[in-house]
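Q: Structure file entry27.pdb (PDB, C-alpha atoms) right here:
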```pdb
ATOM      1  CA  MET A   1       0.000   0.000   0.000
ATOM      2  CA  GLY A   2       1.080   3.567  -0.625
ATOM      3  CA  ASP A   3       0.819   6.585   1.630
ATOM      4  CA  SER A   4      -2.487   7.865   0.302
ATOM      5  CA  LEU A   5      -5.793   6.998   1.925
ATOM      6  CA  PHE A   6      -7.018   5.574  -1.399
ATOM      7  CA  PRO A   7      -3.811   3.889  -2.623
ATOM      8  CA  LEU A   8      -4.931   2.171  -5.819
ATOM      9  CA  SER A   9      -6.713   4.946  -7.665
ATOM     10  CA  ALA A  10      -6.257   8.564  -8.556
ATOM     11  CA  SER A  11      -8.615  10.781  -6.578
ATOM     12  CA  ASN A  12     -11.069  11.508  -9.403
ATOM     13  CA  GLU A  13     -10.711   8.476 -11.639
ATOM     14  CA  HIS A  14     -13.208   6.040 -10.104
ATOM     15  CA  ARG A  15     -16.851   6.235 -11.097
ATOM     16  CA  MET A  16     -18.983   6.901  -8.034
ATOM     17  CA  GLY A  17     -21.969   5.247  -9.709
ATOM     18  CA  ASP A  18     -20.210   1.879  -9.892
ATOM     19  CA  PRO A  19     -19.433   0.329  -6.476
ATOM     20  CA  LEU A  20     -17.051  -2.176  -8.053
ATOM     21  CA  ASP A  21     -14.727   0.705  -8.931
ATOM     22  CA  LEU A  22     -14.378   2.019  -5.395
ATOM     23  CA  PRO A  23     -10.707   2.005  -4.381
ATOM     24  CA  PRO A  24      -9.811   0.145  -1.201
ATOM     25  CA  LEU A  25      -8.958   2.142   1.885
ATOM     26  CA  ASN A  26      -5.462   2.252   3.295
ATOM     27  CA  ILE A  27      -6.597   0.974   6.693
ATOM     28  CA  PRO A  28      -3.134   0.759   8.332
ATOM     29  CA  LYS A  29      -2.444   4.399   7.367
ATOM     30  CA  LEU A  30      -5.816   5.474   8.707
ATOM     31  CA  ILE A  31      -5.146   3.675  11.985
ATOM     32  CA  ARG A  32      -1.762   5.386  12.314
ATOM     33  CA  GLU A  33      -3.164   8.792  11.406
ATOM     34  CA  PHE A  34      -5.828   8.698  14.105
ATOM     35  CA  GLU A  35      -3.628   6.778  16.574
ATOM     36  CA  LEU A  36      -6.136   3.968  16.809
ATOM     37  CA  HIS A  37      -5.707   0.600  18.462
ATOM     38  CA  PRO A  38      -8.190  -2.025  17.153
ATOM     39  CA  ASN A  39     -10.141  -3.255  20.157
ATOM     40  CA  LYS A  40     -10.295  -7.049  20.372
ATOM     41  CA  TRP A  41     -13.011  -6.823  23.024
ATOM     42  CA  LEU A  42     -15.210  -4.939  20.537
ATOM     43  CA  GLY A  43     -14.382  -7.412  17.785
ATOM     44  CA  GLN A  44     -12.693  -4.782  15.617
ATOM     45  CA  ASN A  45     -11.469  -6.730  12.602
ATOM     46  CA  PHE A  46     -12.088  -4.452   9.633
ATOM     47  CA  LEU A  47     -13.190  -6.038   6.346
ATOM     48  CA  ILE A  48     -10.794  -4.652   3.727
ATOM     49  CA  ASP A  49     -10.683  -7.074   0.797
ATOM     50  CA  PRO A  50     -12.511  -5.538  -2.228
ATOM     51  CA  THR A  51     -13.777  -8.906  -3.445
ATOM     52  CA  ALA A  52     -15.311  -9.660  -0.048
ATOM     53  CA  LEU A  53     -16.849  -6.190   0.175
ATOM     54  CA  GLU A  54     -18.374  -6.598  -3.277
ATOM     55  CA  SER A  55     -19.779  -9.982  -2.226
ATOM     56  CA  VAL A  56     -21.511  -8.376   0.748
ATOM     57  CA  VAL A  57     -23.268  -5.727  -1.348
ATOM     58  CA  GLN A  58     -24.151  -8.271  -4.039
ATOM     59  CA  ALA A  59     -25.745 -10.470  -1.391
ATOM     60  CA  ALA A  60     -27.699  -7.470  -0.111
ATOM     61  CA  ASN A  61     -29.199  -6.741  -3.556
ATOM     62  CA  ILE A  62     -29.570  -3.043  -2.679
ATOM     63  CA  SER A  63     -31.684  -0.713  -4.780
ATOM     64  CA  GLU A  64     -31.556   3.083  -4.952
ATOM     65  CA  ARG A  65     -34.820   3.180  -2.955
ATOM     66  CA  ASP A  66     -33.484   1.209   0.001
ATOM     67  CA  VAL A  67     -32.661   2.441   3.471
ATOM     68  CA  VAL A  68     -29.760   0.459   4.955
ATOM     69  CA  LEU A  69     -28.911   0.101   8.615
ATOM     70  CA  GLU A  70     -25.214  -0.690   9.041
ATOM     71  CA  ILE A  71     -24.051  -1.894  12.436
ATOM     72  CA  GLY A  72     -20.392  -1.437  13.273
ATOM     73  CA  PRO A  73     -19.199   0.532  10.215
ATOM     74  CA  GLY A  74     -15.726   0.754  11.727
ATOM     75  CA  LEU A  75     -13.551   2.771   9.349
ATOM     76  CA  GLY A  76     -16.081   2.883   6.525
ATOM     77  CA  SER A  77     -14.818   0.298   4.032
ATOM     78  CA  LEU A  78     -18.278  -1.206   3.562
ATOM     79  CA  THR A  79     -20.146   2.025   4.319
ATOM     80  CA  ARG A  80     -18.925   3.633   1.072
ATOM     81  CA  TYR A  81     -20.213   0.711  -0.993
ATOM     82  CA  LEU A  82     -23.598   0.946   0.695
ATOM     83  CA  ALA A  83     -23.802   4.712   0.141
ATOM     84  CA  VAL A  84     -23.238   4.340  -3.601
ATOM     85  CA  LEU A  85     -26.147   1.921  -3.930
ATOM     86  CA  ALA A  86     -28.720   2.912  -1.283
ATOM     87  CA  ARG A  87     -30.950   5.914  -0.790
ATOM     88  CA  THR A  88     -29.879   6.310   2.841
ATOM     89  CA  VAL A  89     -27.357   4.603   5.102
ATOM     90  CA  VAL A  90     -27.755   4.810   8.879
ATOM     91  CA  ALA A  91     -24.408   3.727  10.335
ATOM     92  CA  ILE A  92     -24.272   2.940  14.065
ATOM     93  CA  GLU A  93     -20.821   2.723  15.625
ATOM     94  CA  ILE A  94     -20.284   1.945  19.314
ATOM     95  CA  ASP A  95     -16.652   3.117  19.499
ATOM     96  CA  PRO A  96     -16.408   6.921  19.814
ATOM     97  CA  ASN A  97     -12.770   6.778  18.691
ATOM     98  CA  LEU A  98     -13.837   5.630  15.216
ATOM     99  CA  ILE A  99     -16.315   8.422  14.542
ATOM    100  CA  ALA A 100     -13.754  10.992  13.334
ATOM    101  CA  PRO A 101     -11.994   8.690  10.834
ATOM    102  CA  LEU A 102     -15.364   7.322   9.723
ATOM    103  CA  ARG A 103     -16.576  10.847   8.984
ATOM    104  CA  LYS A 104     -13.381  11.601   7.056
ATOM    105  CA  VAL A 105     -13.690   8.501   4.891
ATOM    106  CA  THR A 106     -17.382   9.092   4.126
ATOM    107  CA  ASP A 107     -17.359  12.903   3.971
ATOM    108  CA  GLN A 108     -18.062  13.006   0.228
ATOM    109  CA  TYR A 109     -21.327  11.094   0.639
ATOM    110  CA  ARG A 110     -24.437  13.048   1.594
ATOM    111  CA  ASN A 111     -26.719  10.072   2.226
ATOM    112  CA  ILE A 112     -24.927   8.678   5.287
ATOM    113  CA  GLU A 113     -26.099   9.342   8.843
ATOM    114  CA  ILE A 114     -23.500   8.359  11.446
ATOM    115  CA  ILE A 115     -24.695   7.641  14.976
ATOM    116  CA  GLN A 116     -22.425   6.851  17.895
ATOM    117  CA  GLY A 117     -24.119   4.324  20.150
ATOM    118  CA  ASP A 118     -24.893   0.723  21.038
ATOM    119  CA  ILE A 119     -27.371  -1.099  18.784
ATOM    120  CA  LEU A 120     -28.384  -3.219  21.783
ATOM    121  CA  THR A 121     -29.757  -0.171  23.591
ATOM    122  CA  LEU A 122     -30.637   2.342  20.863
ATOM    123  CA  PRO A 123     -34.341   2.558  19.861
ATOM    124  CA  VAL A 124     -34.265   1.088  16.348
ATOM    125  CA  GLU A 125     -37.931   2.019  15.869
ATOM    126  CA  LYS A 126     -37.070   5.706  16.194
ATOM    127  CA  LEU A 127     -33.924   5.560  14.081
ATOM    128  CA  ILE A 128     -35.732   3.881  11.199
ATOM    129  CA  PRO A 129     -39.539   4.239  11.548
ATOM    130  CA  SER A 130     -40.306   2.080   8.490
ATOM    131  CA  SER A 131     -39.893  -1.697   8.466
ATOM    132  CA  ASN A 132     -38.973  -1.626   4.775
ATOM    133  CA  TYR A 133     -35.223  -1.479   5.296
ATOM    134  CA  LEU A 134     -32.138  -3.671   5.100
ATOM    135  CA  VAL A 135     -29.543  -4.503   7.704
ATOM    136  CA  VAL A 136     -26.006  -4.959   6.368
ATOM    137  CA  ALA A 137     -23.300  -5.479   8.939
ATOM    138  CA  ASN A 138     -19.934  -6.991   9.753
ATOM    139  CA  ILE A 139     -20.838  -7.774  13.350
ATOM    140  CA  PRO A 140     -18.515  -8.679  16.228
ATOM    141  CA  TYR A 141     -18.343 -12.396  16.938
ATOM    142  CA  TYR A 142     -18.870 -12.066  20.665
ATOM    143  CA  ILE A 143     -22.330 -10.469  20.418
ATOM    144  CA  THR A 144     -23.614 -12.073  17.214
ATOM    145  CA  SER A 145     -26.560 -13.740  18.958
ATOM    146  CA  ALA A 146     -27.454 -10.637  20.958
ATOM    147  CA  ILE A 147     -27.490  -8.378  17.877
ATOM    148  CA  ILE A 148     -29.589 -10.793  15.832
ATOM    149  CA  ARG A 149     -32.127 -11.211  18.614
ATOM    150  CA  ARG A 150     -32.239  -7.454  19.155
ATOM    151  CA  LEU A 151     -33.044  -6.812  15.504
ATOM    152  CA  LEU A 152     -35.610  -9.596  15.333
ATOM    153  CA  SER A 153     -37.385  -8.460  18.491
ATOM    154  CA  THR A 154     -38.001  -4.884  17.341
ATOM    155  CA  ASP A 155     -41.471  -3.799  16.298
ATOM    156  CA  ASN A 156     -40.151  -2.815  12.868
ATOM    157  CA  ARG A 157     -38.074  -5.777  11.793
ATOM    158  CA  PRO A 158     -36.071  -5.285   8.565
ATOM    159  CA  LYS A 159     -37.082  -7.025   5.368
ATOM    160  CA  ARG A 160     -33.636  -8.577   4.921
ATOM    161  CA  MET A 161     -30.442  -8.977   6.953
ATOM    162  CA  ILE A 162     -27.022  -9.530   5.419
ATOM    163  CA  LEU A 163     -24.480 -10.298   8.101
ATOM    164  CA  THR A 164     -20.810 -11.166   8.147
ATOM    165  CA  VAL A 165     -20.338 -13.569  11.033
ATOM    166  CA  GLN A 166     -17.938 -16.269  12.145
ATOM    167  CA  TYR A 167     -18.108 -19.174   9.688
ATOM    168  CA  GLU A 168     -19.013 -21.760  12.314
ATOM    169  CA  VAL A 169     -21.781 -19.488  13.634
ATOM    170  CA  ALA A 170     -23.121 -19.076  10.097
ATOM    171  CA  LYS A 171     -23.354 -22.854   9.738
ATOM    172  CA  ARG A 172     -25.198 -23.071  13.058
ATOM    173  CA  ILE A 173     -27.729 -20.421  12.022
ATOM    174  CA  CYS A 174     -28.434 -22.191   8.724
ATOM    175  CA  ALA A 175     -28.623 -25.698  10.230
ATOM    176  CA  MET A 176     -31.478 -28.096   9.513
ATOM    177  CA  PRO A 177     -33.400 -30.265  12.019
ATOM    178  CA  GLY A 178     -30.989 -32.775  13.461
ATOM    179  CA  ASN A 179     -28.379 -30.084  14.074
ATOM    180  CA  LEU A 180     -30.546 -27.189  15.250
ATOM    181  CA  SER A 181     -29.530 -24.845  18.057
ATOM    182  CA  LEU A 182     -31.395 -22.209  20.010
ATOM    183  CA  LEU A 183     -29.726 -19.574  17.824
ATOM    184  CA  ALA A 184     -30.901 -21.305  14.636
ATOM    185  CA  LEU A 185     -34.474 -21.494  15.941
ATOM    186  CA  SER A 186     -34.325 -17.853  17.046
ATOM    187  CA  VAL A 187     -33.516 -16.854  13.478
ATOM    188  CA  GLN A 188     -35.592 -19.360  11.528
ATOM    189  CA  VAL A 189     -38.787 -18.551  13.400
ATOM    190  CA  PHE A 190     -38.581 -15.099  11.773
ATOM    191  CA  GLY A 191     -37.091 -15.882   8.362
ATOM    192  CA  SER A 192     -35.071 -18.064   6.050
ATOM    193  CA  PRO A 193     -31.268 -17.922   6.431
ATOM    194  CA  SER A 194     -28.797 -18.971   3.766
ATOM    195  CA  LEU A 195     -25.012 -19.016   3.592
ATOM    196  CA  TYR A 196     -23.971 -16.789   0.696
ATOM    197  CA  ALA A 197     -20.172 -16.949   0.747
ATOM    198  CA  ARG A 198     -17.211 -17.834   2.901
ATOM    199  CA  ILE A 199     -14.693 -15.071   3.637
ATOM    200  CA  PRO A 200     -11.111 -16.028   4.534
ATOM    201  CA  ALA A 201      -9.571 -14.496   7.643
ATOM    202  CA  SER A 202      -7.009 -12.741   5.435
ATOM    203  CA  SER A 203      -9.783 -10.449   4.154
ATOM    204  CA  PHE A 204      -9.744  -8.579   7.481
ATOM    205  CA  TYR A 205      -7.352  -6.247   9.267
ATOM    206  CA  PRO A 206      -6.183  -7.169  11.831
ATOM    207  CA  VAL A 207      -6.433 -10.784  10.692
ATOM    208  CA  PRO A 208      -8.729 -12.823  12.995
ATOM    209  CA  LYS A 209      -8.055 -16.436  13.920
ATOM    210  CA  VAL A 210     -11.040 -17.854  12.027
ATOM    211  CA  ASP A 211     -12.824 -17.469   8.694
ATOM    212  CA  SER A 212     -16.101 -15.613   8.355
ATOM    213  CA  ALA A 213     -19.168 -16.033   6.159
ATOM    214  CA  ILE A 214     -21.887 -13.870   4.659
ATOM    215  CA  ILE A 215     -25.365 -14.994   5.625
ATOM    216  CA  CYS A 216     -28.616 -13.671   4.174
ATOM    217  CA  ILE A 217     -31.798 -13.765   6.229
ATOM    218  CA  ASP A 218     -34.994 -12.999   4.314
ATOM    219  CA  LEU A 219     -37.618 -12.224   6.921
ATOM    220  CA  ASN A 220     -41.219 -13.392   6.785
ATOM    221  CA  LEU A 221     -44.066 -10.919   7.099
ATOM    222  CA  GLU A 222     -45.071 -12.799  10.251
ATOM    223  CA  PRO A 223     -43.108 -15.238  12.436
ATOM    224  CA  VAL A 224     -43.682 -18.957  11.955
ATOM    225  CA  ILE A 225     -44.838 -19.063  15.588
ATOM    226  CA  PRO A 226     -47.798 -16.704  16.233
ATOM    227  CA  ILE A 227     -46.607 -13.453  17.772
ATOM    228  CA  GLN A 228     -48.722 -13.911  20.886
ATOM    229  CA  SER A 229     -47.054 -17.298  21.482
ATOM    230  CA  LEU A 230     -43.428 -16.253  20.971
ATOM    231  CA  ASP A 231     -42.612 -15.787  24.650
ATOM    232  CA  ALA A 232     -43.915 -19.260  25.454
ATOM    233  CA  PHE A 233     -42.084 -20.752  22.464
ATOM    234  CA  PHE A 234     -38.743 -19.248  23.448
ATOM    235  CA  SER A 235     -39.194 -20.356  27.037
ATOM    236  CA  LEU A 236     -39.854 -23.945  25.936
ATOM    237  CA  ALA A 237     -36.954 -23.868  23.472
ATOM    238  CA  GLN A 238     -34.564 -22.459  26.069
ATOM    239  CA  ALA A 239     -35.610 -25.215  28.455
ATOM    240  CA  GLY A 240     -35.222 -27.843  25.734
ATOM    241  CA  PHE A 241     -31.701 -26.733  24.844
ATOM    242  CA  SER A 242     -30.630 -26.093  28.434
ATOM    243  CA  GLN A 243     -29.150 -29.593  28.706
ATOM    244  CA  LYS A 244     -28.277 -30.618  25.146
ATOM    245  CA  ARG A 245     -27.166 -34.152  25.951
ATOM    246  CA  LYS A 246     -30.448 -35.057  27.581
ATOM    247  CA  THR A 247     -33.615 -36.217  25.890
ATOM    248  CA  LEU A 248     -36.261 -33.578  25.364
ATOM    249  CA  ARG A 249     -38.348 -35.155  28.130
ATOM    250  CA  ASN A 250     -35.590 -34.795  30.695
ATOM    251  CA  ALA A 251     -34.405 -31.394  29.504
ATOM    252  CA  LEU A 252     -37.923 -29.902  29.632
ATOM    253  CA  SER A 253     -38.600 -31.541  32.976
ATOM    254  CA  SER A 254     -35.492 -29.924  34.427
ATOM    255  CA  GLY A 255     -35.884 -26.587  32.638
ATOM    256  CA  LEU A 256     -39.577 -26.173  33.455
ATOM    257  CA  HIS A 257     -39.365 -27.738  36.925
ATOM    258  CA  GLN A 258     -42.049 -30.287  36.074
ATOM    259  CA  LYS A 259     -42.321 -33.990  36.809
ATOM    260  CA  THR A 260     -41.014 -36.233  34.056
ATOM    261  CA  ASN A 261     -44.324 -38.061  33.601
ATOM    262  CA  ILE A 262     -46.175 -34.776  33.045
ATOM    263  CA  VAL A 263     -43.667 -33.643  30.419
ATOM    264  CA  GLU A 264     -43.812 -37.024  28.708
ATOM    265  CA  GLU A 265     -47.603 -36.779  28.549
ATOM    266  CA  ILE A 266     -47.366 -33.338  26.935
ATOM    267  CA  LEU A 267     -44.830 -34.494  24.352
ATOM    268  CA  LEU A 268     -46.826 -37.567  23.399
ATOM    269  CA  GLU A 269     -49.969 -35.497  23.004
ATOM    270  CA  ALA A 270     -48.022 -33.142  20.702
ATOM    271  CA  GLY A 271     -46.923 -36.158  18.628
ATOM    272  CA  ILE A 272     -43.275 -35.897  19.676
ATOM    273  CA  ASP A 273     -41.234 -38.875  20.860
ATOM    274  CA  PRO A 274     -40.093 -37.931  24.406
ATOM    275  CA  HIS A 275     -36.726 -39.583  23.758
ATOM    276  CA  ARG A 276     -35.771 -37.236  20.930
ATOM    277  CA  ARG A 277     -33.345 -34.404  21.556
ATOM    278  CA  ALA A 278     -34.071 -30.697  21.128
ATOM    279  CA  GLU A 279     -31.841 -30.314  18.045
ATOM    280  CA  THR A 280     -34.100 -32.712  16.087
ATOM    281  CA  ILE A 281     -37.363 -30.843  16.696
ATOM    282  CA  ASN A 282     -38.508 -28.727  13.734
ATOM    283  CA  LEU A 283     -40.417 -25.456  13.965
ATOM    284  CA  ALA A 284     -43.790 -27.042  13.183
ATOM    285  CA  GLU A 285     -43.303 -29.431  16.107
ATOM    286  CA  TRP A 286     -42.199 -26.629  18.420
ATOM    287  CA  ASN A 287     -45.316 -24.704  17.384
ATOM    288  CA  SER A 288     -47.585 -27.661  18.173
ATOM    289  CA  LEU A 289     -45.887 -28.144  21.530
ATOM    290  CA  THR A 290     -46.139 -24.452  22.360
ATOM    291  CA  GLN A 291     -49.848 -24.232  21.548
ATOM    292  CA  LEU A 292     -50.565 -27.385  23.536
ATOM    293  CA  VAL A 293     -48.794 -26.069  26.621
ATOM    294  CA  ILE A 294     -50.533 -22.694  26.357
ATOM    295  CA  ASN A 295     -54.008 -24.201  25.899
ATOM    296  CA  ARG A 296     -53.895 -27.344  28.023
ATOM    297  CA  PHE A 297     -51.309 -26.709  30.707
ATOM    298  CA  PRO A 298     -51.609 -23.068  31.771
ATOM    299  CA  GLU A 299     -50.240 -23.977  35.211
ATOM    300  CA  ILE A 300     -46.761 -24.346  33.691
ATOM    301  CA  SER A 301     -44.985 -21.042  34.186
ATOM    302  CA  LEU A 302     -43.321 -19.802  31.016
ATOM    303  CA  ARG A 303     -41.027 -16.876  31.682
ATOM    304  CA  LYS A 304     -40.653 -14.111  29.120
ATOM    305  CA  VAL A 305     -37.683 -14.583  26.828
ATOM    306  CA  GLN A 306     -34.817 -12.169  27.200
ATOM    307  CA  THR A 307     -33.460 -10.520  24.039
ATOM    308  CA  ARG A 308     -30.017  -9.707  25.395
TER     309      ARG A 308
END
```
Now, as a test, write the supplied structure out as structure tokens.

A:
Amino acid sequence: MGDSLFPLSASNEHRMGDPLDLPPLNIPKLIREFELHPNKWLGQNFLIDPTALESVVQAANISERDVVLEIGPGLGSLTRYLAVLARTVVAIEIDPNLIAPLRKVTDQYRNIEIIQGDILTLPVEKLIPSSNYLVVANIPYYITSAIIRRLLSTDNRPKRMILTVQYEVAKRICAMPGNLSLLALSVQVFGSPSLYARIPASSFYPVPKVDSAIICIDLNLEPVIPIQSLDAFFSLAQAGFSQKRKTLRNALSSGLHQKTNIVEEILLEAGIDPHRRAETINLAEWNSLTQLVINRFPEISLRKVQTR
């Protein structure tokens, strides 16, 4: 890399209408200029490879009418691509030290709103009143689940989410019955996830220890589980996955503090073999179990699911 912020292109030679022509940022120079120290605790591994950045925006399928919520824009590598394609980009960055360099990198774009704050506490409904928006984000590994659940629990869920996450986490989210996890259920109850592309660790700076992947989540208009039953569903699922090595009968008995024979009766009535494990239960079966518990066994206390 050279000494300029945009090392591979003359300042006026790239076409702003074509995101594939955007020159890569000189991230190391930017870090030195602003005396930054990438924070491992905040998961600050900046996506810098142009091919990977292009893959993210291609997966997002952004139109000029779209509003995009970007979480963790960092130093703006992806933010510039989004600004070229979208009508508006709302970029939320938790680290106050990154705001100044982010503003410098994106200063030429007039359709970017930069907000310093934590997506887990900010009121998404007020930031983006409409539900007709996209989420595109390279999110920190350590709070992947929390961010996804936060976005899915808002009153105005996005229409599509394109996330760069740890490769193994991406596989978990996209798993089928037999290998399901609570995270997979938490996503699939709201939409259909798919793994779009794998991104090698070398595409980031600093280089993380593991590869990442781009996942696309197309959200349903309504959750697979009725909205009024979601709290009960999540409570049952949390109980079912609380002891993964146990059968569903034993895990639910322990998690719900109910006698084993009562839980077995409920499972049999729902058409579920009590000896199966939680990772084998599909959403239709979880829905049947949830409705049965709500309607027939109201004495079972189902605590409200926590989103963080």

Q: Which one of A:Ala239, A:Ala146, A:Ala83, A:Val187 sits closest to Val68 (chain A) if you count only C-alpha atoms?

A: A:Ala83

Q: Nearest to Gly240 (chain A): which of A:Ile227, A:Ile99, A:Ile199, A:Leu185 is it, counting all atoms listed in the file?

A: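 With all atoms listed in the file as the atom set, the closest residue is A:Leu185.
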
Q: Step by step, work through what the PyMOL selection byres ((chain A and resi 71-79) around 7) selects in the shown file, and finish by giving those residues as a ChimeraX atom specification.

A: /A:25,46-48,53,69-70,80-83,91-94,98,101-102,105-106,137-139

Q: Kindly list the centre and edge lengths in Å, rounded to one decimal, for the axis-aligned box that covers all listed atoms of region 142-155 of chain A plus 5 Å on each of its six sides, as AutoDock Vina command-line options.

A:
```
--center_x -30.2 --center_y -8.8 --center_z 18.1 --size_x 32.6 --size_y 19.9 --size_z 15.6
```

Q: To one decimal in Å, tell me the separation between CA of Leu122 (chain A) and CA of Thr144 (chain A).

A: 16.4 Å

Q: Running the PyMOL selection byres ((chain A and resi 262) around 12) on this model by hand, what would come out? Give it as JSON, numbers by chain.

A: {"A": [249, 250, 252, 253, 254, 256, 257, 258, 259, 260, 261, 263, 264, 265, 266, 267, 268, 269, 274, 293, 296, 297, 299, 300]}

Q: So that I have them on file, write out the residues from the current selection with C-alpha atoms, as a PDB file, keeping the file's coordinate frame.

A:
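Result file is part.pdb:
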```
ATOM      1  CA  ARG A 249     -38.348 -35.155  28.130  1.00  0.00           C
ATOM      2  CA  ASN A 250     -35.590 -34.795  30.695  1.00  0.00           C
ATOM      3  CA  LEU A 252     -37.923 -29.902  29.632  1.00  0.00           C
ATOM      4  CA  SER A 253     -38.600 -31.541  32.976  1.00  0.00           C
ATOM      5  CA  SER A 254     -35.492 -29.924  34.427  1.00  0.00           C
ATOM      6  CA  LEU A 256     -39.577 -26.173  33.455  1.00  0.00           C
ATOM      7  CA  HIS A 257     -39.365 -27.738  36.925  1.00  0.00           C
ATOM      8  CA  GLN A 258     -42.049 -30.287  36.074  1.00  0.00           C
ATOM      9  CA  LYS A 259     -42.321 -33.990  36.809  1.00  0.00           C
ATOM     10  CA  THR A 260     -41.014 -36.233  34.056  1.00  0.00           C
ATOM     11  CA  ASN A 261     -44.324 -38.061  33.601  1.00  0.00           C
ATOM     12  CA  VAL A 263     -43.667 -33.643  30.419  1.00  0.00           C
ATOM     13  CA  GLU A 264     -43.812 -37.024  28.708  1.00  0.00           C
ATOM     14  CA  GLU A 265     -47.603 -36.779  28.549  1.00  0.00           C
ATOM     15  CA  ILE A 266     -47.366 -33.338  26.935  1.00  0.00           C
ATOM     16  CA  LEU A 267     -44.830 -34.494  24.352  1.00  0.00           C
ATOM     17  CA  LEU A 268     -46.826 -37.567  23.399  1.00  0.00           C
ATOM     18  CA  GLU A 269     -49.969 -35.497  23.004  1.00  0.00           C
ATOM     19  CA  PRO A 274     -40.093 -37.931  24.406  1.00  0.00           C
ATOM     20  CA  VAL A 293     -48.794 -26.069  26.621  1.00  0.00           C
ATOM     21  CA  ARG A 296     -53.895 -27.344  28.023  1.00  0.00           C
ATOM     22  CA  PHE A 297     -51.309 -26.709  30.707  1.00  0.00           C
ATOM     23  CA  GLU A 299     -50.240 -23.977  35.211  1.00  0.00           C
ATOM     24  CA  ILE A 300     -46.761 -24.346  33.691  1.00  0.00           C
TER      25      ILE A 300
END
```

Q: So, with only C-alpha atoms as the atoms that count, which of A:Tyr205, A:Ala86, A:Asp66, A:Thr121 lies closest to Pro28 (chain A)?

A: A:Tyr205

Q: If the PyMOL selection byres ((chain A and resi 242) around 12) were run on this exact file, what residues would it hold? Put them as a list of chain:residue names.

A: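 With the shown file as input, the PyMOL selection byres ((chain A and resi 242) around 12) matches A:Ser181, A:Leu182, A:Phe234, A:Ser235, A:Leu236, A:Ala237, A:Gln238, A:Ala239, A:Gly240, A:Phe241, A:Gln243, A:Lys244, A:Arg245, A:Lys246, A:Thr247, A:Leu248, A:Arg249, A:Asn250, A:Ala251, A:Leu252, A:Ser253, A:Ser254, A:Gly255, A:Leu256, A:Arg277, A:Ala278, A:Glu279.
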
Q: Between A:Cys216, A:Ala201, A:Val135, A:Val67, which has the minimum distance to Arg157 (chain A) (counting all atoms listed in the file)?

A: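 Of A:Cys216, A:Ala201, A:Val135, A:Val67, the one nearest Arg157 (chain A), counting all atoms listed in the file, is A:Val135.
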